[in-house]
Structure formats: C-alpha cells, structure tokens
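Reproduced below: structure08.txt, with compact mmCIF, C-alpha atoms.
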```
# COMPACT_ATOMS: atom_id res chain seq x y z
CA MET A 1 -0.23 -25.61 -21.93
CA ARG A 2 -0.05 -29.30 -22.77
CA PRO A 3 3.23 -31.11 -21.95
CA PHE A 4 3.91 -31.77 -25.63
CA HIS A 5 3.77 -28.07 -26.45
CA LEU A 6 5.94 -27.24 -23.46
CA ARG A 7 8.61 -29.74 -24.54
CA ALA A 8 8.47 -28.44 -28.11
CA SER A 9 8.81 -24.88 -26.85
CA VAL A 10 11.81 -25.79 -24.69
CA PHE A 11 13.44 -27.52 -27.65
CA THR A 12 12.89 -24.51 -29.88
CA LEU A 13 14.17 -22.17 -27.18
CA LEU A 14 17.34 -24.04 -26.19
CA GLU A 15 18.31 -26.08 -29.21
CA GLU A 16 17.31 -23.92 -32.13
CA GLY A 17 17.90 -20.56 -30.46
CA LYS A 18 14.60 -19.01 -31.48
CA LEU A 19 15.51 -15.34 -31.36
CA THR A 20 12.24 -14.04 -32.74
CA SER A 21 10.52 -14.27 -29.35
CA VAL A 22 11.34 -12.13 -26.34
CA VAL A 23 11.78 -15.22 -24.15
CA GLY A 24 14.10 -16.86 -26.67
CA ARG A 25 16.19 -13.75 -27.04
CA LEU A 26 16.37 -13.33 -23.25
CA ALA A 27 17.39 -16.98 -22.71
CA GLN A 28 20.17 -16.74 -25.29
CA ILE A 29 21.43 -13.43 -23.89
CA MET A 30 21.47 -14.86 -20.37
CA LEU A 31 23.38 -18.00 -21.39
CA ILE A 32 25.93 -16.09 -23.46
CA SER A 33 26.35 -13.48 -20.72
CA LEU A 34 26.98 -16.20 -18.14
CA ILE A 35 29.63 -17.79 -20.35
CA ILE A 36 31.39 -14.45 -20.94
CA ALA A 37 31.19 -13.57 -17.24
CA ASN A 38 32.79 -16.93 -16.40
CA VAL A 39 35.66 -16.29 -18.81
CA VAL A 40 36.25 -12.85 -17.28
CA ALA A 41 36.04 -14.23 -13.72
CA VAL A 42 38.54 -17.01 -14.46
CA ALA A 43 40.93 -14.50 -16.05
CA LEU A 44 40.65 -12.10 -13.11
CA GLU A 45 41.11 -14.92 -10.62
CA THR A 46 44.59 -15.53 -12.00
CA ILE A 47 45.72 -12.06 -10.85
CA PRO A 48 46.88 -12.51 -7.23
CA SER A 49 45.92 -9.01 -6.00
CA ILE A 50 42.41 -9.24 -7.43
CA CYS A 51 41.94 -12.82 -6.26
CA ALA A 52 42.99 -11.91 -2.71
CA ARG A 53 40.46 -9.10 -2.52
CA TRP A 54 37.54 -10.77 -4.32
CA HIS A 55 38.02 -14.47 -3.52
CA VAL A 56 34.66 -14.74 -1.73
CA PHE A 57 32.85 -13.20 -4.70
CA PHE A 58 34.62 -15.53 -7.14
CA GLY A 59 33.61 -18.55 -5.05
CA ASP A 60 29.98 -17.42 -4.86
CA PHE A 61 29.90 -16.62 -8.56
CA GLU A 62 31.27 -20.07 -9.37
CA LYS A 63 28.49 -21.71 -7.31
CA PHE A 64 25.89 -19.54 -9.04
CA SER A 65 27.31 -20.44 -12.46
CA VAL A 66 27.37 -24.16 -11.75
CA GLY A 67 23.77 -23.91 -10.57
CA GLY A 68 22.74 -22.14 -13.76
CA TYR A 69 24.51 -24.63 -16.01
CA THR A 70 23.01 -27.51 -14.01
CA VAL A 71 19.48 -26.17 -14.48
CA GLU A 72 20.07 -25.78 -18.21
CA TYR A 73 21.49 -29.32 -18.45
CA ILE A 74 18.56 -30.84 -16.53
CA ILE A 75 16.08 -29.00 -18.74
CA ARG A 76 17.83 -30.27 -21.86
CA CYS A 77 17.98 -33.84 -20.49
CA GLY A 78 14.32 -33.73 -19.56
CA ARG A 79 13.46 -32.51 -23.02
CA ARG A 80 15.51 -35.14 -24.84
CA SER A 81 14.57 -38.09 -22.65
CA LYS A 82 10.88 -37.46 -23.37
CA THR A 83 11.36 -37.37 -27.12
CA ARG A 84 12.84 -40.86 -27.41
CA ALA A 85 11.81 -44.20 -26.08
CA SER A 86 14.13 -44.20 -23.10
CA THR A 87 15.48 -47.55 -22.01
CA ALA A 88 17.40 -46.04 -19.15
CA ARG A 89 16.62 -47.32 -15.69
CA THR A 90 18.40 -44.60 -13.69
CA PRO A 91 18.51 -40.79 -13.83
CA ILE A 92 22.26 -40.91 -14.52
CA ALA A 93 21.75 -43.17 -17.54
CA THR A 94 18.94 -40.91 -18.78
CA CYS A 95 21.14 -37.80 -18.61
CA SER A 96 24.09 -39.57 -20.16
CA GLN A 97 21.87 -40.20 -23.20
CA CYS A 98 21.77 -36.42 -23.66
CA ASP A 99 25.46 -36.30 -24.40
CA TRP A 100 25.34 -39.01 -27.04
CA SER A 101 21.97 -38.34 -28.63
CA THR A 102 22.95 -35.29 -30.63
```
Transcribe the structure of this file into structure tokens.
Amino acid sequence: MRPFHLRASVFTLLEEGKLTSVVGRLAQIMLISLIIANVVAVALETIPSICARWHVFFGDFEKFSVGGYTVEYIIRCGRRSKTRASTARTPIATCSQCDWST
C-alpha cells in the first residue's frame, strides 16, 4: 500500500469514523470502550475499600490507557503533519500543530 493511501485510510478511520468497515468499527469500539473503562476506573478508585484492594490494577490500567491514548495521538499527529507543509523543526512543534490545525 502506498504511503498516500495509508495516510488517507488512517484519516478516514480516526477522523471520520468510517463505521462501514470492520477495522473502522473495531477501532471506534476500542477507543470508546477505553474511554468508558477509564471513567469507571476513576469512579471506583474514589471508593477507599475498592482502591485499597485493587490499587495495583488501577495503576497498571492507567499506564495501559496512557499508552493507548499516546499511540492514537502519535498516529493522528503523523497523519496531520504529512498533509500540510510543515514548518516545524522539532517533533514537539509538529505535534502541537495537531491541536491547532482542526
């Protein structure tokens, strides 16, 4: 697959939420499930008895979640930085363009 088609596919998958494909549907379900699981985990963490028993799990789940969100963010930044003439000289500047380019 040529890079242009890959970037276009990633855009369609993440930005437009193409639910007609199995991969698009799976990606959206995974992202929404991760968000809901984070809300539930944060709510359960506020209950002292549950937090005391499951604190290791909550810590590991938080690391997993941050990793997942980081991968999604990097993919989106990579997609957007290739679609524009980037004048950024550093990776940080390139990713910060993601936040302001929409």
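Here atom CA of A:Arg25 is placed at a distance of 25.9 Å from atom CA of A:Val42.
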Coordinates-based distance that separates atom CA of A:Ala41 from atom CA of A:Phe57 (Å, one decimal): 9.6 Å
Point-to-point distance in Å for atom CA of A:Ile47 and atom CA of A:Phe61: 16.6 Å
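In this comparison, which uses only C-alpha atoms, the residue of A:Gly68, A:Val39, A:Cys77, A:Cys51 approaching A:Ala27 most closely is A:Gly68.
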